[in-house]
$ cat work-v4.cif   # mmCIF, C-alpha atoms
data_my_file
loop_
_atom_site.label_atom_id
_atom_site.label_comp_id
_atom_site.auth_asym_id
_atom_site.auth_seq_id
_atom_site.Cartn_x
_atom_site.Cartn_y
_atom_site.Cartn_z
CA MET A 292 120.47 171.67 111.54
CA THR A 293 120.00 170.61 107.92
CA LEU A 294 118.78 167.10 107.11
CA HIS A 295 118.37 165.35 103.78
CA LEU A 296 115.16 163.40 103.33
CA LEU A 297 114.21 160.79 100.75
CA HIS A 298 110.53 159.89 100.48
CA PHE A 299 108.95 156.66 99.31
CA SER A 300 105.51 155.13 99.14
CA VAL A 301 102.87 156.75 101.34
CA PHE A 302 105.39 159.17 102.81
CA ARG A 303 106.16 160.42 99.33
CA ASP A 304 102.49 160.83 98.54
CA ALA A 305 101.94 162.75 101.77
CA ARG A 306 104.92 165.01 101.15
CA GLY A 307 104.51 165.39 97.40
CA CYS A 308 108.19 164.98 96.52
CA ASP A 309 110.94 162.34 96.21
CA ALA A 310 113.55 164.22 98.20
CA GLU A 311 113.96 167.45 100.12
CA ARG A 312 116.29 169.32 102.44
CA VAL A 313 114.79 170.53 105.72
CA GLU A 314 115.93 172.87 108.48
CA THR A 315 114.82 171.42 111.79
CA ASP A 316 115.54 171.16 115.48
CA ALA A 317 113.91 167.72 115.75
CA PRO A 318 116.35 165.70 117.81
CA THR A 319 115.16 162.24 116.72
CA PRO A 320 113.44 160.55 113.74
CA LEU A 321 110.31 160.22 115.89
CA ALA A 322 110.21 163.98 116.49
CA LEU A 323 111.02 164.66 112.83
CA CYS A 324 108.19 162.40 111.68
CA ALA A 325 105.70 164.25 113.90
CA GLU A 326 107.00 167.61 112.68
CA LEU A 327 106.83 166.72 108.98
CA PHE A 328 103.71 164.61 108.82
CA GLY A 329 101.70 165.50 111.92
CA ALA A 330 98.21 164.06 111.74
CA ALA A 331 98.74 162.94 108.11
CA VAL A 332 100.43 159.87 109.52
CA PRO A 333 98.86 157.32 111.86
CA ALA A 334 100.00 157.79 115.43
CA GLN A 335 102.99 155.87 116.79
CA PRO A 336 104.94 155.40 113.54
CA GLU A 337 107.40 153.28 115.52
CA ALA A 338 104.64 150.67 115.71
CA TRP A 339 104.04 150.30 111.97
CA ALA A 340 107.01 151.79 110.13
CA ARG A 341 110.82 151.74 110.19
CA VAL A 342 113.36 154.48 109.75
CA ALA A 343 116.79 154.63 108.12
CA VAL A 344 119.54 157.13 108.85
CA ASN A 345 122.43 157.40 106.39
CA ASP A 346 121.29 154.33 104.44
CA ALA A 347 121.11 152.00 107.45
CA PHE A 348 118.18 150.96 109.63
CA ALA A 349 118.10 153.06 112.79
CA GLY A 350 116.09 153.44 115.98
CA TRP A 351 113.28 155.98 116.20
CA ASP A 352 115.01 157.71 119.11
CA VAL A 353 118.54 157.87 117.66
CA ARG A 354 120.15 161.33 117.86
CA LEU A 355 120.07 163.13 114.51
CA ALA A 356 123.10 165.14 113.39
CA GLU A 357 123.82 167.87 110.85
CA GLY A 358 123.76 166.51 107.31
CA ASP A 359 122.12 163.17 108.12
CA THR A 360 119.97 161.51 105.45
CA VAL A 361 116.70 160.28 106.92
CA VAL A 362 114.17 157.97 105.26
CA PHE A 363 110.87 156.83 106.72
CA LEU A 364 110.04 153.30 105.64
CA ALA A 365 106.41 152.26 105.36
CA PRO A 366 105.84 148.49 105.44
CA SER A 367 107.04 147.15 102.12
CA ALA A 368 105.59 144.47 99.92
CA GLY A 369 108.37 143.44 97.57
CA GLY A 370 107.87 140.49 95.23
CA MET B 27 102.94 80.84 75.68
CA THR B 28 105.15 83.55 74.19
CA LEU B 29 105.96 86.65 76.26
CA HIS B 30 107.83 89.82 75.35
CA LEU B 31 110.32 91.06 77.89
CA LEU B 32 112.05 94.43 78.20
CA HIS B 33 115.01 94.66 80.56
CA PHE B 34 116.35 97.67 82.45
CA SER B 35 118.95 98.36 85.08
CA VAL B 36 120.15 95.36 87.07
CA PHE B 37 117.73 93.04 85.30
CA ARG B 38 119.29 94.02 81.98
CA ASP B 39 122.79 93.43 83.31
CA ALA B 40 121.79 90.01 84.66
CA ARG B 41 120.11 89.03 81.39
CA GLY B 42 122.61 90.65 79.03
CA CYS B 43 120.04 92.14 76.65
CA ASP B 44 117.54 94.99 76.31
CA ALA B 45 114.63 92.85 75.10
CA GLU B 46 113.81 89.24 74.36
CA ARG B 47 110.98 86.88 73.50
CA VAL B 48 110.59 83.85 75.78
CA GLU B 49 108.54 80.68 75.64
CA THR B 50 107.32 79.89 79.12
CA ASP B 51 104.61 78.26 81.20
CA ALA B 52 105.18 80.65 84.12
CA PRO B 53 101.66 81.67 85.14
CA THR B 54 102.62 84.87 86.97
CA PRO B 55 105.37 87.53 86.96
CA LEU B 56 106.63 86.06 90.24
CA ALA B 57 107.07 82.63 88.66
CA LEU B 58 108.58 84.16 85.53
CA CYS B 59 111.10 86.13 87.60
CA ALA B 60 112.24 82.97 89.40
CA GLU B 61 112.44 81.09 86.09
CA LEU B 62 114.51 83.78 84.34
CA PHE B 63 116.73 85.04 87.11
CA GLY B 64 116.82 82.25 89.71
CA ALA B 65 119.45 82.90 92.32
CA ALA B 66 120.84 85.85 90.32
CA VAL B 67 118.11 87.95 91.92
CA PRO B 68 117.61 88.49 95.64
CA ALA B 69 114.76 86.40 97.01
CA GLN B 70 111.24 87.80 97.23
CA PRO B 71 111.41 90.31 94.34
CA GLU B 72 107.93 91.45 95.34
CA ALA B 73 109.57 92.96 98.42
CA TRP B 74 112.06 95.18 96.58
CA ALA B 75 110.97 95.47 92.95
CA ARG B 76 107.85 96.20 90.91
CA VAL B 77 106.55 94.64 87.73
CA ALA B 78 104.73 96.03 84.70
CA VAL B 79 102.54 94.09 82.29
CA ASN B 80 101.64 95.72 78.98
CA ASP B 81 103.09 99.07 80.02
CA ALA B 82 101.12 99.33 83.27
CA PHE B 83 102.08 98.49 86.84
CA ALA B 84 100.76 95.04 87.76
CA GLY B 85 100.65 92.64 90.69
CA TRP B 86 103.27 89.95 91.04
CA ASP B 87 100.56 87.27 90.97
CA VAL B 88 98.57 88.57 88.02
CA ARG B 89 97.77 85.93 85.38
CA LEU B 90 100.05 86.23 82.35
CA ALA B 91 98.58 85.72 78.88
CA GLU B 92 99.91 84.97 75.40
CA GLY B 93 101.69 87.98 73.93
CA ASP B 94 101.98 89.97 77.16
CA THR B 95 104.89 92.37 77.55
CA VAL B 96 106.49 91.99 80.98
CA VAL B 97 109.03 94.31 82.58
CA PHE B 98 110.68 93.87 85.95
CA LEU B 99 111.32 97.21 87.64
CA ALA B 100 114.20 97.54 90.05
CA PRO B 101 113.95 100.52 92.42
CA SER B 102 114.58 103.60 90.36
CA ALA B 103 116.49 106.72 91.21
CA GLY B 104 115.39 109.33 88.72
CA GLY B 105 116.50 112.90 89.10
CA MET C 172 102.00 116.74 77.60
CA THR C 173 102.98 117.58 81.19
CA PHE C 174 105.77 115.00 81.51
CA LEU C 175 108.39 114.47 78.84
CA LEU C 176 111.59 112.52 78.35
CA SER C 177 114.45 114.08 76.42
CA ALA C 178 117.59 112.53 75.00
CA GLU C 179 118.85 116.06 74.27
CA PRO C 180 120.18 118.58 76.84
CA LEU C 181 117.34 120.33 78.69
CA ASP C 182 116.72 124.00 78.04
CA ALA C 183 115.49 125.51 81.32
CA ALA C 184 114.18 128.61 79.57
CA ALA C 185 112.10 126.53 77.16
CA CYS C 186 110.77 124.41 80.03
CA ARG C 187 109.85 127.55 81.96
CA ALA C 188 108.08 129.03 78.93
CA ALA C 189 106.11 125.80 78.40
CA LEU C 190 105.03 125.81 82.06
CA VAL C 191 103.83 129.41 82.00
CA ALA C 192 101.99 128.75 78.72
CA LEU C 193 100.03 125.96 80.46
CA ALA C 194 98.62 128.44 83.00
CA PRO C 195 95.76 130.80 82.16
CA PRO C 196 97.24 134.21 81.14
CA GLY C 197 97.81 136.46 84.15
CA ALA C 198 96.76 133.82 86.69
CA ALA C 199 100.20 132.72 87.87
CA GLY C 200 101.78 134.91 90.56
CA GLY C 201 104.56 132.50 91.47
CA VAL C 202 106.65 130.09 89.43
CA VAL C 203 108.97 127.62 91.14
CA ALA C 204 111.37 125.54 89.08
CA PHE C 205 113.72 122.80 90.21
CA GLU C 206 116.68 121.57 88.21
CA GLY C 207 118.61 118.49 89.21
CA LEU C 208 122.21 118.75 88.01
CA VAL C 209 124.87 116.06 87.70
CA ARG C 210 127.19 116.50 90.68
CA ASN C 211 130.86 115.59 90.88
CA HIS C 212 130.36 113.43 93.96
CA ALA C 213 127.81 111.03 95.46
CA GLU C 214 127.97 109.10 98.71
CA GLY C 215 131.56 110.18 99.11
CA ARG C 216 132.67 108.89 95.72
CA SER C 217 133.95 110.95 92.81
CA VAL C 218 131.49 110.85 89.91
CA GLU C 219 132.61 111.44 86.30
CA SER C 220 129.33 111.10 84.42
CA LEU C 221 125.87 109.55 84.55
CA GLU C 222 123.49 107.55 82.42
CA TYR C 223 119.72 107.60 82.72
CA HIS C 224 117.72 104.74 81.24
CA ALA C 225 113.94 105.10 81.06
CA TYR C 226 111.18 102.61 80.44
CA ASP C 227 109.64 105.14 78.08
CA ALA C 228 106.01 104.06 77.84
CA LEU C 229 105.49 103.62 81.59
CA ALA C 230 107.70 106.59 82.52
CA LEU C 231 105.56 108.88 80.37
CA SER C 232 102.25 107.61 81.72
CA GLU C 233 103.36 107.51 85.36
CA GLY C 234 105.03 110.92 85.07
CA SER C 235 101.84 112.42 83.65
CA ARG C 236 99.90 110.83 86.49
CA VAL C 237 102.20 112.51 89.03
CA MET C 238 101.56 115.88 87.35
CA ASP C 239 97.80 115.28 87.40
CA GLU C 240 97.92 114.38 91.08
CA ALA C 241 99.98 117.49 91.88
CA ARG C 242 97.31 119.65 90.26
CA GLU C 243 94.64 117.95 92.37
CA ARG C 244 96.58 118.23 95.65
CA PHE C 245 97.78 121.82 95.40
CA ALA C 246 96.22 125.14 94.39
CA VAL C 247 98.32 125.41 91.24
CA GLU C 248 97.66 126.60 87.71
CA ALA C 249 100.17 124.28 86.03
CA VAL C 250 102.80 121.65 86.82
CA CYS C 251 105.14 119.98 84.37
CA ALA C 252 108.45 118.15 84.21
CA VAL C 253 111.07 116.86 81.79
CA HIS C 254 113.59 114.10 82.53
CA ARG C 255 116.80 113.50 80.62
CA THR C 256 117.82 110.12 79.27
CA GLY C 257 121.16 108.92 77.95
CA HIS C 258 124.65 109.94 78.92
CA LEU C 259 125.11 113.14 80.97
CA ALA C 260 128.28 115.06 81.76
CA LEU C 261 128.92 116.88 85.05
CA GLY C 262 126.77 119.98 85.41
CA GLU C 263 124.14 118.85 82.90
CA THR C 264 120.48 118.99 83.92
CA ALA C 265 119.00 115.58 84.72
CA VAL C 266 115.49 116.70 85.58
CA TRP C 267 113.44 119.89 85.46
CA VAL C 268 110.22 120.26 87.46
CA GLY C 269 108.16 123.44 87.51
CA ALA C 270 104.95 124.64 89.15
CA ALA C 271 102.99 127.85 88.59
CA ALA C 272 100.39 129.06 91.07
CA ALA C 273 98.53 132.17 92.16
CA HIS C 274 100.45 132.09 95.46
CA ARG C 275 104.04 131.18 96.11
CA GLN C 276 103.43 128.61 98.85
CA ALA C 277 101.44 126.32 96.57
CA ALA C 278 104.05 126.63 93.83
CA PHE C 279 106.86 125.59 96.21
CA ASP C 280 104.81 122.74 97.69
CA ALA C 281 103.68 121.37 94.34
CA CYS C 282 107.15 121.53 92.79
CA ARG C 283 108.74 119.75 95.71
CA TRP C 284 106.03 117.10 95.92
CA ALA C 285 106.08 116.41 92.17
CA LEU C 286 109.87 116.07 92.22
CA ASP C 287 109.79 113.59 95.11
CA GLU C 288 107.07 111.54 93.41
CA VAL C 289 108.88 111.50 90.06
CA LYS C 290 112.01 110.22 91.80
CA ALA C 291 110.08 107.57 93.71
CA ARG C 292 107.58 106.36 91.12
CA VAL C 293 108.73 106.98 87.56
CA PRO C 294 110.75 104.07 86.10
CA ILE C 295 114.03 105.80 85.25
CA TRP C 296 117.31 104.28 86.33
CA LYS C 297 120.56 106.05 87.06
CA ARG C 298 123.99 104.56 86.42
CA GLU C 299 126.95 106.43 87.88
CA HIS C 300 130.42 106.31 86.37
CA TYR C 301 133.11 106.71 89.04
CA ALA C 302 136.69 107.87 88.97
CA ASP C 303 137.73 104.93 91.18
CA GLY C 304 135.84 101.89 89.92
CA PRO C 305 133.22 100.36 87.63
CA ALA C 306 129.89 102.06 86.93
CA GLU C 307 126.97 101.12 89.17
CA TRP C 308 123.18 101.41 89.18
CA VAL C 309 122.14 103.77 91.93
CA ALA C 310 119.69 102.97 94.70
CA VAL C 311 119.08 99.40 93.63
CA PRO C 312 120.13 96.17 95.34
CA ARG C 313 123.11 94.46 93.73
CA ILE C 314 122.31 91.41 91.67
CA ALA C 315 125.01 88.84 91.03
CA PRO C 316 125.81 88.71 87.27
CA MET D 281 126.76 140.91 94.04
CA THR D 282 124.13 138.48 95.31
CA PHE D 283 121.22 140.95 95.35
CA LEU D 284 120.48 143.29 92.47
CA LEU D 285 117.83 145.76 91.43
CA SER D 286 116.88 146.02 87.77
CA ALA D 287 114.87 148.64 85.94
CA GLU D 288 114.89 146.36 82.88
CA PRO D 289 112.84 143.15 82.42
CA LEU D 290 114.42 140.19 84.23
CA ASP D 291 115.95 137.40 82.18
CA ALA D 292 115.40 134.18 84.13
CA ALA D 293 118.01 132.32 82.10
CA ALA D 294 120.66 134.95 82.85
CA CYS D 295 119.73 134.92 86.55
CA ARG D 296 119.99 131.13 86.61
CA ALA D 297 123.37 131.21 84.88
CA ALA D 298 124.67 133.80 87.37
CA LEU D 299 123.50 131.63 90.29
CA VAL D 300 125.18 128.47 89.00
CA ALA D 301 128.36 130.44 88.30
CA LEU D 302 128.47 131.44 91.99
CA ALA D 303 128.64 127.76 93.06
CA PRO D 304 131.87 125.74 92.86
CA PRO D 305 131.86 123.77 89.57
CA GLY D 306 130.14 120.39 89.94
CA ALA D 307 129.07 121.01 93.54
CA ALA D 308 125.44 121.91 92.95
CA GLY D 309 123.06 118.96 92.59
CA GLY D 310 119.85 120.96 92.91
CA VAL D 311 118.86 124.43 91.75
CA VAL D 312 115.58 125.97 92.86
CA ALA D 313 114.41 129.22 91.32
CA PHE D 314 111.37 131.31 92.20
CA GLU D 315 109.87 133.95 89.95
CA GLY D 316 107.17 136.28 91.16
CA LEU D 317 104.99 137.38 88.25
CA VAL D 318 102.51 140.25 88.01
CA ARG D 319 99.06 138.70 88.37
CA ASN D 320 95.82 140.02 86.94
CA HIS D 321 94.08 140.03 90.30
CA ALA D 322 94.85 140.72 93.96
CA GLU D 323 92.56 140.59 96.98
CA GLY D 324 89.63 140.15 94.63
CA ARG D 325 90.40 143.26 92.56
CA SER D 326 91.37 143.34 88.90
CA VAL D 327 94.98 144.55 88.50
CA GLU D 328 96.18 146.21 85.28
CA SER D 329 99.83 146.89 86.11
CA LEU D 330 102.27 147.48 88.96
CA GLU D 331 105.00 149.85 90.00
CA TYR D 332 107.90 148.95 92.28
CA HIS D 333 109.82 151.73 94.00
CA ALA D 334 113.03 150.83 95.81
CA TYR D 335 115.16 152.72 98.29
CA ASP D 336 118.20 151.61 96.30
CA ALA D 337 121.07 151.94 98.77
CA LEU D 338 119.32 150.22 101.65
CA ALA D 339 117.55 147.68 99.43
CA LEU D 340 120.91 146.55 98.03
CA SER D 341 122.61 146.26 101.41
CA GLU D 342 119.64 144.59 103.14
CA GLY D 343 119.08 142.25 100.19
CA SER D 344 122.73 141.19 100.28
CA ARG D 345 122.41 140.63 104.02
CA VAL D 346 119.45 138.30 103.42
CA MET D 347 121.52 136.29 100.91
CA ASP D 348 124.43 136.07 103.38
CA GLU D 349 122.10 134.86 106.11
CA ALA D 350 120.57 132.25 103.80
CA ARG D 351 124.03 130.86 103.10
CA GLU D 352 124.67 130.63 106.84
CA ARG D 353 121.34 129.00 107.66
CA PHE D 354 121.17 126.39 104.91
CA ALA D 355 123.60 123.91 103.36
CA VAL D 356 123.72 125.77 100.06
CA GLU D 357 126.45 126.57 97.57
CA ALA D 358 124.93 129.84 96.35
CA VAL D 359 121.88 132.07 96.78
CA CYS D 360 121.05 135.20 94.83
CA ALA D 361 118.12 137.39 93.86
CA VAL D 362 117.11 140.22 91.56
CA HIS D 363 114.15 142.56 92.09
CA ARG D 364 112.53 144.69 89.43
CA THR D 365 111.82 148.36 89.81
CA GLY D 366 109.66 150.66 87.73
CA HIS D 367 106.47 149.96 85.86
CA LEU D 368 105.55 146.31 85.19
CA ALA D 369 102.89 144.88 82.89
CA LEU D 370 100.87 141.73 83.62
CA GLY D 371 102.98 138.60 83.40
CA GLU D 372 106.30 140.39 83.89
CA THR D 373 108.71 139.05 86.51
CA ALA D 374 108.84 141.18 89.67
CA VAL D 375 111.41 139.15 91.58
CA TRP D 376 113.71 136.21 90.92
CA VAL D 377 115.27 134.23 93.79
CA GLY D 378 117.50 131.20 93.27
CA ALA D 379 119.39 128.74 95.45
CA ALA D 380 121.88 126.04 94.47
CA ALA D 381 122.82 123.23 96.84
CA ALA D 382 124.29 119.76 96.89
CA HIS D 383 120.89 118.39 97.95
CA ARG D 384 117.46 119.47 96.84
CA GLN D 385 115.94 119.99 100.29
CA ALA D 386 118.40 122.74 101.21
CA ALA D 387 117.88 124.43 97.84
CA PHE D 388 114.09 124.52 98.34
CA ASP D 389 114.38 125.69 101.95
CA ALA D 390 116.91 128.41 101.21
CA CYS D 391 115.01 129.76 98.19
CA ARG D 392 111.75 129.94 100.12
CA TRP D 393 113.34 131.51 103.18
CA ALA D 394 115.27 134.10 101.16
CA LEU D 395 112.12 135.05 99.25
CA ASP D 396 110.11 135.51 102.45
CA GLU D 397 112.89 137.62 103.99
CA VAL D 398 113.27 139.78 100.89
CA LYS D 399 109.55 140.48 100.91
CA ALA D 400 109.56 141.27 104.63
CA ARG D 401 112.78 143.21 105.03
CA VAL D 402 113.97 144.82 101.81
CA PRO D 403 112.60 148.37 101.33
CA ILE D 404 110.75 148.00 98.01
CA TRP D 405 107.21 149.27 97.69
CA LYS D 406 104.51 148.02 95.37
CA ARG D 407 101.81 150.23 93.87
CA GLU D 408 98.95 148.44 92.14
CA HIS D 409 96.97 149.99 89.31
CA TYR D 410 93.39 148.72 89.28
CA ALA D 411 90.74 148.45 86.61
CA ASP D 412 88.12 149.88 89.00
CA GLY D 413 89.81 152.70 90.87
CA PRO D 414 92.92 154.71 91.73
CA ALA D 415 96.31 153.07 92.25
CA GLU D 416 97.24 152.11 95.80
CA TRP D 417 100.36 151.18 97.75
CA VAL D 418 100.10 147.57 98.81
CA ALA D 419 100.37 146.27 102.36
CA VAL D 420 100.80 149.68 103.95
CA PRO D 421 98.42 151.63 106.16
CA ARG D 422 96.64 154.47 104.38
CA ILE D 423 97.89 157.93 105.16
CA ALA D 424 95.61 160.89 104.67
CA PRO D 425 97.00 163.17 101.94
#
$ encode --input "work-v4.cif" --output "structure tokens"
Amino acid sequence: MTLHLLHFSVFRDARGCDAERVETDAPTPLALCAELFGAAVPAQPEAWARVAVNDAFAGWDVRLAEGDTVVFLAPSAGG
Amino acid sequence: MTLHLLHFSVFRDARGCDAERVETDAPTPLALCAELFGAAVPAQPEAWARVAVNDAFAGWDVRLAEGDTVVFLAPSAGG
Amino acid sequence: MTFLLSAEPLDAAACRAALVALAPPGAAGGVVAFEGLVRNHAEGRSVESLEYHAYDALALSEGSRVMDEARERFAVEAVCAVHRTGHLALGETAVWVGAAAAHRQAAFDACRWALDEVKARVPIWKREHYADGPAEWVAVPRIAP
Amino acid sequence: MTFLLSAEPLDAAACRAALVALAPPGAAGGVVAFEGLVRNHAEGRSVESLEYHAYDALALSEGSRVMDEARERFAVEAVCAVHRTGHLALGETAVWVGAAAAHRQAAFDACRWALDEVKARVPIWKREHYADGPAEWVAVPRIAP
């Protein structure tokens, strides 16, 4: 399936772009994170980061679907 | 002796003026308060009000001197 | 001057600029400002306007003392306040208190503490004008005329 | 809108006016406003400037949710906030949070709570530029490039 990704903060630095379209069979954000970032990301992202699907917070094991927009959210430090 | 008085709040209402000069033998603010306001003021002003002499907070039994400026301070409610 | 009285309407932006100017450049990471506004009701009664009367000399010295104490008690770069005097309409600003600090917690704590102390210690009296009766001094015991 | 993002410098006076306009006329007796400014140091390092990057869609919805929750938790008339994005120089305002309430305690509590929640929950990332080394994302674990 095709997914839309937006990248911010350390995920953007690791990926080198703001946004991209990927073809993947990763069924969940957790699998997608491992596929895209591998060892470039600390293990267990569910322990230190959040994920959004279609502009809403989502679980790391939610089922991804064709055309979803996925964003990995490193801890933020607004203000 | 001659004292200068400034009046605010309920003391001004009771006295009917902003400021006055009085001739008195009252040795302390406590005695002066009784002399000026008598029964128009609740008893024991030292329990509910403060007093200033020469633009500084003072005790109710401080010794008054010729030319002192005395102000009785009802509880305030600034802000 | 860290505590002022003003017979003219307060300008929050000017107060804020004066506060930040008191702090060393670049040192303040958090600025907290409180404004007390004239409300349309108090203790269940409808309020139409207010008067504030200040004992100027002692209000200025005691207000400055409160600001000095706030700087000693909290890790702040600057604290200052301005209190209105005279007649105020609904919605006008009666008091402005601001604190600037490296960290936000100290700015909140100092602003709140300074406000409480100003209200408790500085000789400024409030007279409320009501829709349903004669004006009264607030928070003072009644004295027979 | 009770939570906004701005790529332009924040105008505290305009933010304050927008907050007061959200409250019923005459109902607000206390207004508390917080401004987070860019400091010249952080964790002992000399900071030269900052960047804020926001995930706009989610930042706006989560920020609005924080404001809604603040209104439910505290006895306030209005709460709102604006967060900067883009490149900020020293002294510029990164975030403005304001609360208006009948009583001052609720205004302080709501402003402080909303600020803490915005910092913790809203997806906005800060990158600090240092005098002594490369820029870094703040408060995030390092990821190998």
$ residues_around --input "work-v4.cif" --residues "Val346 of chain D" --least-positions-apart "3" --cutoff "8 Å" --atoms "only C-alpha atoms" --output "number ranges by chain"
D: 342-343, 349-350, 394, 397-398
$ interface_residues --input "work-v4.cif" --of "chain A" --to "chain D" --cutoff "7 Å" --atoms "all atoms listed in the file" --output "list in words"
Ser300, Val301, Asp304, Ala305, Ala331, Val332, Pro333, Asp346, Ala347, Ala365, Pro366, Ser367, Ala368, Gly369 and Gly370 of chain A
$ interface_residues --input "work-v4.cif" --of "chain D" --to "chain C" --cutoff "10 Å" --atoms "all atoms listed in the file" --output "ChimeraX atom specification"
/D:291-294,296,300,305-322,327-328,369-385,387-389,391-392,395-396
$ residues_around --input "work-v4.cif" --residues "Arg312 of chain A" --least-positions-apart "3" --cutoff "9 Å" --atoms "all atoms listed in the file" --output "ChimeraX atom specification"
/A:293-297
$ write_last_selection --input "work-v4.cif" --atoms "C-alpha atoms" --output "tab-separated table (two decimals), in the coordinates of the input"
chain	number	residue	atom	x	y	z
A	293	THR	CA	120.00	170.61	107.92
A	294	LEU	CA	118.78	167.10	107.11
A	295	HIS	CA	118.37	165.35	103.78
A	296	LEU	CA	115.16	163.40	103.33
A	297	LEU	CA	114.21	160.79	100.75
$ atom_distance --input "work-v4.cif" --atom1 "atom CA of Pro71 of chain B" --atom2 "atom CA of Thr54 of chain B"
12.7 Å
$ atom_distance --input "work-v4.cif" --atom1 "atom CA of Ala249 of chain C" --atom2 "atom CA of Leu181 of chain C"
19.1 Å
$ closest_residue --input "work-v4.cif" --among "A:Ala330, A:Cys308, A:Pro320, A:Phe299" --to "Leu355 of chain A" --atoms "only C-alpha atoms"
A:Pro320
$ atom_distance --input "work-v4.cif" --atom1 "atom CA of Phe245 of chain C" --atom2 "atom CA of Phe174 of chain C"
17.4 Å
$ resolve_selection --input "work-v4.cif" --expression "the PyMOL selection byres ((chain B and resi 59) around 10)" --output "MDAnalysis selection string"
chainID B and resid 37 52 54:58 60:64 67 70:72 77 86 96:98
